[in-house]
Every structure is written in structure tokens, then in C-alpha cells.
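Pasted below: target.txt, compact mmCIF, C-alpha atoms.
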```txt
# COMPACT_ATOMS: atom_id res chain seq x y z
CA MET A 294 22.66 45.59 37.19
CA ASN A 295 21.06 44.11 40.25
CA ASN A 296 22.57 44.19 43.71
CA LEU A 297 24.71 41.07 43.92
CA PHE A 298 24.41 40.77 47.68
CA THR A 299 20.66 41.15 48.07
CA GLY A 300 17.99 38.50 47.62
CA LYS A 301 14.25 38.39 48.36
CA LEU A 302 14.47 37.74 52.11
CA THR A 303 18.13 38.20 52.98
CA ARG A 304 21.28 40.08 52.17
CA LEU A 305 24.89 38.97 52.55
CA VAL A 306 27.13 41.24 54.63
CA ALA A 307 30.80 41.07 55.59
CA ALA A 308 31.79 38.37 58.10
CA ASP A 309 33.19 40.76 60.69
CA PRO A 310 35.22 38.56 63.10
CA GLU A 311 33.89 40.40 66.18
CA LYS A 312 30.25 39.97 65.18
CA LEU A 313 30.70 36.44 63.93
CA GLY A 314 32.48 35.35 67.13
CA GLU A 315 29.67 36.75 69.25
CA LEU A 316 27.00 35.00 67.16
CA VAL A 317 28.86 31.70 67.05
CA ALA A 318 29.06 31.77 70.85
CA LYS A 319 25.30 32.28 70.95
CA TRP A 320 24.38 29.75 68.28
CA SER A 321 26.77 27.10 69.63
CA ARG A 322 24.55 26.69 72.68
CA ASP A 323 22.20 24.91 70.28
CA SER A 324 23.94 21.56 69.71
CA GLU A 325 21.33 20.48 67.16
CA PHE A 326 22.20 23.46 64.98
CA TYR A 327 25.90 22.60 64.96
CA GLN A 328 25.25 18.93 64.33
CA LEU A 329 23.31 19.94 61.23
CA PHE A 330 26.02 22.44 60.21
CA ASP A 331 29.37 20.75 60.94
CA SER A 332 30.91 17.31 61.39
CA ASP A 333 33.39 18.46 64.06
CA PRO A 334 32.55 17.58 67.65
CA THR A 335 29.86 19.98 68.87
CA LEU A 336 31.08 22.40 71.55
CA PRO A 337 29.80 25.47 73.35
CA ARG A 338 32.09 28.26 72.13
CA ASN A 339 33.51 31.21 73.98
CA ALA A 340 32.90 34.54 72.21
CA LYS A 341 36.42 35.95 72.75
CA ARG A 342 38.12 32.76 71.60
CA ALA A 343 35.83 32.53 68.58
CA GLN A 344 36.59 36.16 67.68
CA GLU A 345 40.32 35.45 67.93
CA HIS A 346 39.87 32.37 65.74
CA PHE A 347 38.03 34.30 63.03
CA ARG A 348 40.53 37.19 63.19
CA GLU A 349 43.43 34.78 62.73
CA ARG A 350 41.65 33.02 59.90
CA ALA A 351 41.03 36.34 58.14
CA GLU A 352 44.70 37.30 58.52
CA LYS A 353 45.97 33.99 57.16
CA ASP A 354 43.49 33.87 54.28
CA ARG A 355 45.27 33.90 50.93
CA GLY A 356 42.10 34.55 48.93
CA GLY A 357 39.43 32.33 47.49
CA ASN A 358 37.32 32.19 50.65
CA PHE A 359 34.16 34.30 50.61
CA HIS A 360 32.58 34.15 54.03
CA PHE A 361 29.43 36.18 54.74
CA LEU A 362 26.88 36.83 57.42
CA VAL A 363 23.24 36.43 56.43
CA GLN A 364 21.05 39.38 57.35
CA SER A 365 17.25 39.38 57.30
CA LEU A 366 15.92 42.18 55.05
CA GLN A 367 12.84 42.58 57.22
CA ASP A 368 14.45 43.51 60.55
CA GLU A 369 18.19 43.71 59.68
CA ARG A 370 18.95 40.97 62.20
CA ILE A 371 21.96 38.70 61.51
CA ILE A 372 20.40 35.24 61.32
CA GLY A 373 23.13 32.99 59.92
CA GLU A 374 26.41 32.60 58.12
CA GLY A 375 27.59 31.09 54.88
CA GLY A 376 29.97 31.36 52.00
CA LEU A 377 31.98 29.93 49.15
CA PHE A 378 35.33 28.41 50.00
CA ASP A 379 38.44 27.33 48.07
CA ALA A 380 37.20 29.22 45.01
CA PHE A 381 40.65 30.13 43.64
CA SER A 382 41.93 27.03 41.90
CA PRO A 383 42.61 26.01 38.30
CA HIS A 384 39.42 23.90 38.36
CA HIS A 385 36.78 26.66 38.59
CA ASN A 386 34.76 25.32 41.48
CA ALA A 387 34.10 26.11 45.13
CA TRP A 388 32.49 24.61 48.24
CA LEU A 389 29.30 26.17 49.52
CA ALA A 390 28.25 26.30 53.17
CA ILE A 391 25.18 27.83 54.77
CA GLY A 392 23.74 27.80 58.28
CA ILE A 393 20.79 29.65 59.81
CA GLY A 394 21.62 29.90 63.50
CA GLU A 395 18.27 31.38 64.53
CA ARG A 396 16.22 28.20 64.74
CA GLU A 397 12.79 29.84 64.79
CA LEU A 398 13.55 30.86 61.19
CA TRP A 399 14.25 27.31 59.95
CA GLY A 400 12.05 26.07 57.12
CA LYS A 401 10.97 29.56 56.03
CA GLY A 402 13.13 30.02 52.95
CA TYR A 403 15.93 32.14 54.46
CA GLY A 404 18.63 29.55 53.81
CA THR A 405 17.38 28.96 50.27
CA ASP A 406 17.38 32.69 49.59
CA ALA A 407 20.97 33.05 50.87
CA VAL A 408 22.11 30.05 48.78
CA ASN A 409 20.55 31.64 45.70
CA ILE A 410 22.55 34.82 46.35
CA LEU A 411 25.72 32.74 46.81
CA LEU A 412 25.10 30.89 43.52
CA ARG A 413 24.58 34.11 41.59
CA PHE A 414 27.84 35.38 43.13
CA ALA A 415 29.61 32.10 42.25
CA PHE A 416 28.47 32.01 38.63
CA GLN A 417 28.27 35.70 37.72
CA GLU A 418 31.02 37.29 39.82
CA LEU A 419 33.55 34.50 40.44
CA ASN A 420 32.63 32.92 37.07
CA LEU A 421 32.91 29.39 38.42
CA HIS A 422 31.97 26.24 36.50
CA ARG A 423 30.39 24.38 39.41
CA VAL A 424 29.53 24.69 43.10
CA ASN A 425 29.91 21.69 45.45
CA LEU A 426 28.46 21.03 48.85
CA GLY A 427 28.46 18.30 51.45
CA THR A 428 25.65 17.54 53.85
CA PHE A 429 24.59 14.79 56.21
CA GLU A 430 22.09 11.97 55.70
CA TYR A 431 20.12 13.09 58.78
CA ASN A 432 19.69 16.66 57.52
CA ALA A 433 16.56 15.97 55.44
CA ARG A 434 15.47 19.63 55.46
CA ALA A 435 18.73 20.78 53.88
CA ILE A 436 18.79 17.97 51.30
CA ARG A 437 15.26 18.81 50.16
CA ALA A 438 16.09 22.51 49.94
CA TYR A 439 19.25 21.86 47.88
CA GLU A 440 17.31 19.57 45.52
CA LYS A 441 14.71 22.30 44.97
CA ILE A 442 17.40 24.88 44.24
CA GLY A 443 18.80 22.57 41.55
CA PHE A 444 21.68 20.75 43.23
CA VAL A 445 22.15 17.19 41.95
CA HIS A 446 23.20 14.19 44.08
CA GLU A 447 26.67 12.97 43.12
CA GLY A 448 27.18 10.22 45.67
CA LYS A 449 27.87 9.57 49.32
CA TRP A 450 30.61 8.40 51.63
CA ARG A 451 29.02 5.35 53.20
CA GLN A 452 28.65 5.40 57.01
CA SER A 453 31.28 8.10 57.34
CA MET A 454 29.72 9.69 60.43
CA ARG A 455 28.55 8.44 63.77
CA ARG A 456 26.04 10.54 65.66
CA ASP A 457 23.26 9.81 68.09
CA GLY A 458 24.50 6.22 68.32
CA LYS A 459 24.04 5.53 64.61
CA ARG A 460 26.11 5.53 61.45
CA TRP A 461 25.19 8.01 58.70
CA ASP A 462 26.34 8.81 55.16
CA ASN A 463 27.93 12.07 54.02
CA TYR A 464 26.00 13.31 50.97
CA PHE A 465 27.59 15.28 48.15
CA MET A 466 25.65 17.49 45.78
CA ALA A 467 26.62 20.01 43.12
CA ILE A 468 25.24 22.38 40.54
CA LEU A 469 26.89 23.20 37.20
CA ARG A 470 26.80 26.69 35.78
CA ARG A 471 24.92 25.65 32.61
CA ASP A 472 22.17 24.01 34.72
CA TRP A 473 21.92 27.06 36.97
CA GLU A 474 21.72 29.36 33.93
CA ALA A 475 19.03 27.22 32.29
CA LYS A 476 17.01 27.47 35.49
CA GLN A 477 17.29 31.27 35.56
CA ASN A 478 15.95 31.54 32.00
CA GLY A 479 13.34 28.80 32.29
CA MET B 225 52.23 -10.17 70.03
CA VAL B 226 54.47 -10.07 67.00
CA LEU B 227 53.16 -7.59 64.52
CA GLN B 228 55.28 -5.72 62.02
CA LEU B 229 53.39 -2.68 60.79
CA PHE B 230 56.19 -1.00 58.85
CA GLU B 231 58.12 -3.91 57.34
CA GLY B 232 56.92 -5.54 54.12
CA GLU B 233 58.58 -8.15 51.95
CA LYS B 234 59.75 -5.70 49.28
CA ILE B 235 59.14 -2.31 50.88
CA ARG B 236 59.02 -0.61 54.24
CA PHE B 237 57.48 2.54 55.70
CA ALA B 238 59.96 5.08 57.04
CA ALA B 239 59.79 8.57 58.49
CA PHE B 240 60.61 11.40 56.10
CA ASP B 241 64.30 12.24 56.40
CA ALA B 242 64.97 15.75 55.06
CA ASP B 243 68.68 15.11 54.41
CA LYS B 244 68.11 11.89 52.48
CA ASP B 245 64.72 12.41 50.84
CA ALA B 246 64.26 16.09 49.87
CA GLU B 247 66.31 15.64 46.67
CA VAL B 248 64.26 12.78 45.22
CA PHE B 249 60.90 14.28 46.29
CA SER B 250 61.95 17.47 44.50
CA LYS B 251 62.80 15.46 41.37
CA TRP B 252 59.30 13.94 41.26
CA THR B 253 57.70 17.39 41.34
CA HIS B 254 59.38 18.07 37.99
CA ASP B 255 57.27 15.35 36.36
CA PRO B 256 53.87 16.91 35.54
CA GLU B 257 52.45 13.52 34.51
CA TYR B 258 53.10 12.18 38.02
CA LEU B 259 51.65 15.30 39.65
CA ARG B 260 48.49 15.05 37.57
CA LEU B 261 47.98 11.47 38.59
CA THR B 262 48.32 12.22 42.30
CA GLU B 263 47.46 15.88 42.94
CA TYR B 264 44.45 18.18 42.64
CA GLU B 265 46.57 21.32 42.99
CA ALA B 266 48.27 22.90 39.98
CA ALA B 267 51.49 21.16 38.98
CA ARG B 268 54.48 23.00 40.37
CA PRO B 269 58.16 22.06 40.58
CA LEU B 270 59.55 22.41 44.10
CA ALA B 271 63.19 22.75 45.09
CA PRO B 272 64.54 20.59 47.96
CA PHE B 273 64.33 23.79 50.02
CA HIS B 274 60.54 23.98 49.46
CA ILE B 275 60.10 20.28 50.16
CA LYS B 276 61.91 20.65 53.49
CA LYS B 277 59.80 23.66 54.41
CA LYS B 278 56.61 21.80 53.56
CA PHE B 279 57.66 18.92 55.76
CA GLU B 280 58.46 21.19 58.66
CA GLU B 281 54.93 22.57 58.39
CA MET B 282 53.46 19.09 58.15
CA GLU B 283 55.38 17.83 61.15
CA LYS B 284 53.52 20.30 63.34
CA GLU B 285 50.36 18.36 62.50
CA ALA B 286 51.96 14.93 62.55
CA GLY B 287 50.37 12.29 64.72
CA ARG B 288 47.21 14.28 65.33
CA ASP B 289 45.68 15.14 61.99
CA PHE B 290 48.37 13.91 59.68
CA TYR B 291 50.40 10.75 59.06
CA PHE B 292 53.09 10.54 56.42
CA PHE B 293 55.29 7.59 55.44
CA VAL B 294 58.06 7.39 52.90
CA ILE B 295 57.94 4.11 50.97
CA ARG B 296 61.46 2.65 50.72
CA THR B 297 62.67 -0.51 49.00
CA GLN B 298 64.00 -3.31 51.22
CA GLU B 299 66.56 -4.23 48.57
CA ASP B 300 68.49 -0.96 48.34
CA ASP B 301 66.70 1.38 50.76
CA ARG B 302 65.67 3.78 47.98
CA ALA B 303 62.77 6.21 48.58
CA ILE B 304 60.26 5.31 45.84
CA GLY B 305 57.09 7.05 46.98
CA PHE B 306 54.87 8.20 49.80
CA VAL B 307 51.60 7.44 51.49
CA HIS B 308 49.80 9.87 53.74
CA LEU B 309 46.65 10.25 55.75
CA ARG B 310 44.94 13.57 56.48
CA TRP B 311 41.65 15.24 57.39
CA ILE B 312 41.17 12.69 60.13
CA GLU B 313 37.80 12.94 61.84
CA TRP B 314 38.50 11.03 65.04
CA ASN B 315 34.92 11.42 66.26
CA HIS B 316 33.58 9.65 63.15
CA GLY B 317 36.49 7.34 62.32
CA ASN B 318 36.88 8.61 58.76
CA ALA B 319 40.08 9.86 57.10
CA HIS B 320 41.51 10.49 53.64
CA PHE B 321 44.65 9.04 52.14
CA ASN B 322 46.80 9.64 49.12
CA MET B 323 49.77 7.76 47.76
CA GLY B 324 52.19 7.88 44.88
CA ILE B 325 55.11 5.97 43.40
CA GLY B 326 57.40 8.68 42.04
CA SER B 327 59.19 7.01 39.14
CA PRO B 328 57.43 5.08 36.33
CA ASP B 329 60.24 2.48 36.64
CA ASP B 330 58.99 1.53 40.10
CA ARG B 331 55.35 1.13 39.05
CA ARG B 332 53.54 -2.06 38.00
CA LYS B 333 55.80 -4.20 40.17
CA GLY B 334 53.44 -4.78 43.07
CA LEU B 335 55.26 -2.28 45.30
CA GLY B 336 52.27 0.06 45.48
CA SER B 337 49.94 -2.86 46.24
CA GLN B 338 52.11 -3.97 49.09
CA ALA B 339 52.27 -0.40 50.42
CA LEU B 340 48.48 -0.01 50.26
CA GLN B 341 47.92 -3.33 52.05
CA MET B 342 50.30 -2.28 54.81
CA PHE B 343 48.67 1.11 54.99
CA LEU B 344 45.15 -0.33 55.26
CA ARG B 345 46.30 -2.49 58.15
CA TYR B 346 47.80 0.57 59.82
CA ALA B 347 44.59 2.58 59.33
CA PHE B 348 42.27 -0.14 60.61
CA GLU B 349 44.35 -1.95 63.23
CA GLU B 350 46.52 0.83 64.64
CA LEU B 351 44.47 4.01 64.16
CA ASN B 352 41.22 2.01 64.52
CA LEU B 353 39.46 3.97 61.79
CA TYR B 354 35.96 2.93 60.77
CA ARG B 355 36.53 3.69 57.11
CA LEU B 356 39.05 5.18 54.71
CA THR B 357 38.47 7.48 51.73
CA GLY B 358 40.66 7.81 48.63
CA HIS B 359 40.45 10.23 45.72
CA THR B 360 41.35 10.10 42.05
CA PHE B 361 40.37 11.46 38.64
CA GLU B 362 38.35 10.19 35.69
CA TYR B 363 41.51 10.05 33.53
CA ASN B 364 43.50 7.95 36.00
CA ASP B 365 42.39 4.44 35.01
CA GLY B 366 45.33 2.88 36.84
CA ALA B 367 44.33 4.33 40.21
CA GLN B 368 40.67 3.34 39.72
CA LYS B 369 41.59 -0.27 39.00
CA PHE B 370 44.11 -0.25 41.85
CA LEU B 371 41.55 0.97 44.40
CA GLU B 372 38.87 -1.44 43.17
CA LYS B 373 41.32 -4.35 43.33
CA HIS B 374 41.95 -3.56 46.98
CA GLY B 375 38.26 -3.53 47.90
CA PHE B 376 37.39 0.17 47.58
CA GLN B 377 33.98 1.13 46.21
CA LEU B 378 33.32 4.14 44.00
CA GLU B 379 31.17 6.43 46.15
CA VAL B 380 31.13 9.93 44.69
CA ARG B 381 31.47 11.16 41.12
CA ARG B 382 31.94 14.94 41.12
CA ARG B 383 30.96 15.89 37.61
CA GLU B 384 33.41 18.11 35.71
CA ALA B 385 35.27 19.06 38.88
CA VAL B 386 38.77 19.11 37.41
CA TYR B 387 39.90 21.12 34.39
CA ARG B 388 42.95 19.73 32.66
CA ASP B 389 44.27 19.65 29.09
CA GLY B 390 41.45 21.85 27.84
CA ARG B 391 38.49 19.92 29.21
CA TYR B 392 36.64 19.04 32.36
CA TRP B 393 36.98 15.61 34.02
CA ASP B 394 35.06 14.02 36.88
CA ALA B 395 36.73 13.75 40.29
CA LEU B 396 36.08 10.39 41.95
CA SER B 397 36.12 9.36 45.56
CA TYR B 398 36.35 5.79 46.81
CA GLY B 399 35.68 4.30 50.23
CA ILE B 400 36.35 1.11 52.13
CA LEU B 401 34.90 0.17 55.53
CA ALA B 402 37.01 -1.58 58.16
CA GLU B 403 34.59 -4.53 58.11
CA GLU B 404 34.97 -4.89 54.34
CA TRP B 405 38.73 -4.91 54.71
CA GLU B 406 38.57 -7.46 57.53
CA ALA B 407 36.30 -9.76 55.52
CA LYS B 408 38.86 -9.65 52.73
CA GLN B 409 41.72 -10.58 55.08
CA VAL B 410 39.87 -13.69 56.30
CA SER B 411 38.86 -14.92 52.84
CA GLY B 412 42.32 -14.08 51.48
CA SER B 413 44.18 -16.17 54.05
CA LYS B 414 42.12 -19.32 53.41
```
Would you mind writing the structure in this file as C-alpha cells?
Amino acid sequence: MNNLFTGKLTRLVAADPEKLGELVAKWSRDSEFYQLFDSDPTLPRNAKRAQEHFRERAEKDRGGNFHFLVQSLQDERIIGEGGLFDAFSPHHNAWLAIGIGERELWGKGYGTDAVNILLRFAFQELNLHRVNLGTFEYNARAIRAYEKIGFVHEGKWRQSMRRDGKRWDNYFMAILRRDWEAKQNG
Amino acid sequence: MVLQLFEGEKIRFAAFDADKDAEVFSKWTHDPEYLRLTEYEAARPLAPFHIKKKFEEMEKEAGRDFYFFVIRTQEDDRAIGFVHLRWIEWNHGNAHFNMGIGSPDDRRKGLGSQALQMFLRYAFEELNLYRLTGHTFEYNDGAQKFLEKHGFQLEVRRREAVYRDGRYWDALSYGILAEEWEAKQVSGSK
């Protein structure tokens, strides 16, 4: 059996609230990163408050949320975060999120590698039927990467965001287990 | 300015009243058919005690991220359903709503249509949202027709996202923009 948490470029490690809070404080100085990652208003975050927030979230969690840090295999640096959320339901699906906070590593396959680890975890450990994700019309890099991985467009909420003075669509994509499996064998 | 946001011809919007409403809301949760038409979560009967607790939790969010109205009849002041708004993104002007008419006897009488029209006005003219999103399931033909009749467009089809009665069904989401709703008001009043 292969190591579930290790890919070709990255490995997934536990989302320790102390570490995550510190990194979020650092990454949140980059407003472009958070606009690509989240639809909430972008804010510089305080490390202590962020740590408290993640501690509380971990304490309240009733299961079904698998949050990880993304570590580079090459130099063991934590470069991003991601996970599968709301995975415990009668409907066998979960929401995927991924963000590479270290912007000099964008476009080099780290995010794709981490998503591939998450999908293997979703389909071979959680035994889900499908994995959903949402992204933003202006995040062309992410959309292209998801398409390459095998995610299929399922529609969009028209003009559901306003950023940079313009209206944008929220895109929704998903991959079914049978399509993911076919891709592994083919 | 005379504008009645909560008073319709046949129904009105009221605040949830734990003493009056917990009993009937509990009764509806014992009807799995109703739950499957309105809810994504697993069907689950709730006692009035659980309903009250849920509302206490919800009230902490009320007015900021959450709006909840009980639909009551004008004729005899009965609670017949609910409409609520959640996951409000104030920075983008988008939010999600859900509604239900609890008893089959109160359906197909135009009460839900009146409630949705009132709710759309509330969303667009009081909360000043830019758009509104609604969700339903492949097997709920009634809700699909209902949303389309009121100007919603099918926007997302999540393939095989709901597993019920031994098979997968698509989950659907619908959207309407404020400007689409406004255009409908003008043409409708001519």
C-alpha cells in the first residue's frame, strides 16, 4: 500500500492550529492570495487570533472535516493548506479546498499534486462518490488546473461576486469516483 | 411611504414564537416526504424541545447572517410554513434561501407563491441583495417549476450529489438577479 498522504511534490500533514494561525497571518498580507482563495472580505489576520479561531474550530468539529497543511517534499517547508469538508453525510460527497500561500510556488504543480492526494484520500479512504469544489471566474489558473485533473464544470452562479469593481460568476466543478478511477487506470 | 413588507392578502410573515409554533414545526419533521422535498440533511423527527433549542441557536445569528419568517394564514393565523435566508455574503450581495409549506393540505393554493413574492421583495428592496440563490433536487419537480415560474434560472446541476431511495440524484441550484426581478415587477403591473 502506498502512503496516502504523500504525492510527487508534496505531503499532507496535520493542520496544527498554532502553525496554521501563524501561516495564515503571514499569507493574509497578500490580498491577492486571499481573493483567489476565499469570497469573504480580505483582511490582514493576527496570528494569535487566527490560532484561537483554529483551536476553537478544532474543538467544535463533529467530524467530517479533513483539514491539512501542504508541505513541500523538497525542503519540508509548509507552503499551503487544503482539505475535504462536510464529508460525513448520507450523500457520499465532500467539498474540496486548496490554497498555496507561498506565491513564488504558484503555477509549478504543487496545488495539483496536493489535490491529487486529497482525491485519493476522498475516494480510497473516505470512499466518497464525488468531490465538489467552488472557484471564481477570475481564477483562471485554478480553473485550468482543475480541468486538467479531471474536474467537470457543473454550472455557475451568475454575477454572484463583486471584486475589483466588476461582477464575476462563482464556478462549480466536481469529479465522480468512477471518472477518477478510470483516469487512474487509463 | 406606505410599504407593507410582511402583510400579504392571504398570508403574513411573523417572527418564530416558541410557545405557539414549536408544536407544529415538530409535527412537520415527522413527515419524511416533506423533509426530503426541503432538506439536504438526513430526515429526522424533532421534538418541540429540539425545535426550540434550534431556534435559540439561530436567534444568535438572526439579523446578521440569518433571517427566518414563519408563514401564517391571514384567515385563521395558523403557522403553515417557513422561509429563511442564510449564508449571506454582504460584500457580494448574494444569499441563499429555503422555504417550505408543512402540510400537503396547504400546498397548491397559491400561498407559497405569495410568500415567495413577498420574500423576493424583502431580499431585494429591504436587504438590497444583488441576487438570490435557491436549491432543490432532481426529484422535486414541483419546486423546479415553482422557481422557474418566479423568474429563477437553473444555474448549477451537481451530478449525483444526493443519495436517496437507493439511487443518486442531481442537486440543482437556481438564481435570480435583482434586475431580473425588477423587470418582472414592471411588466407584471402593466
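Of the listed residues (B:His374, B:Gln338, B:Asp389, B:Asn364), B:Asn364 comes nearest to B:Tyr258; the distances count all atoms listed in the file.
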Within 8 Å of B:Thr262, counting all atoms listed in the file, which residues qualify if same-chain residues fewer than 6 places away don't, as a list of chain:residue names?
->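 Residues near the query, excluding close chain neighbours: B:Asn322, B:Met323, B:Gly324, B:Thr360.
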For chain A, which residues have at least one atom within 9 Å of chain B, if we go by all atoms listed in the file? Write them as a PyMOL selection string, please.
-> chain A and resi 332-334+382-386+422-423+425+447-456+460+464-467+469
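By only C-alpha atoms, and with residues fewer than 5 positions from A:Lys301 along its chain excluded, the set lying at most 9 Å from it is Leu366, Tyr403, Asp406 and Ala407 of chain A.
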For atom CA of A:Phe414 and atom CA of A:Ser365, the interatomic separation in Å (one decimal) =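 If I compute the distance from atom CA of A:Phe414 to atom CA of A:Ser365, I get 18.1 Å.
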Find the residues around B:Asp330 up to 12 Å (only C-alpha atoms counted), leave out those fewer than 2 positions away in its own chain, and share them as a PDB file with C-alpha atoms, in the coordinates of the input.
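Everything below was put into around33.pdb:
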```pdb
ATOM      1  CA  LYS B 234      59.750  -5.700  49.280  1.00  0.00           C
ATOM      2  CA  ILE B 235      59.140  -2.310  50.880  1.00  0.00           C
ATOM      3  CA  ILE B 295      57.940   4.110  50.970  1.00  0.00           C
ATOM      4  CA  ARG B 296      61.460   2.650  50.720  1.00  0.00           C
ATOM      5  CA  THR B 297      62.670  -0.510  49.000  1.00  0.00           C
ATOM      6  CA  ARG B 302      65.670   3.780  47.980  1.00  0.00           C
ATOM      7  CA  ALA B 303      62.770   6.210  48.580  1.00  0.00           C
ATOM      8  CA  ILE B 304      60.260   5.310  45.840  1.00  0.00           C
ATOM      9  CA  GLY B 305      57.090   7.050  46.980  1.00  0.00           C
ATOM     10  CA  GLY B 324      52.190   7.880  44.880  1.00  0.00           C
ATOM     11  CA  ILE B 325      55.110   5.970  43.400  1.00  0.00           C
ATOM     12  CA  GLY B 326      57.400   8.680  42.040  1.00  0.00           C
ATOM     13  CA  SER B 327      59.190   7.010  39.140  1.00  0.00           C
ATOM     14  CA  PRO B 328      57.430   5.080  36.330  1.00  0.00           C
ATOM     15  CA  ARG B 332      53.540  -2.060  38.000  1.00  0.00           C
ATOM     16  CA  LYS B 333      55.800  -4.200  40.170  1.00  0.00           C
ATOM     17  CA  GLY B 334      53.440  -4.780  43.070  1.00  0.00           C
ATOM     18  CA  LEU B 335      55.260  -2.280  45.300  1.00  0.00           C
ATOM     19  CA  GLY B 336      52.270   0.060  45.480  1.00  0.00           C
ATOM     20  CA  SER B 337      49.940  -2.860  46.240  1.00  0.00           C
TER      21      SER B 337
END
```
Could you please determine the separation between atom CA of B:Gln341 and atom CA of B:Glu406 in Å, to one decimal place?
->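 A separation of 11.6 Å between them.
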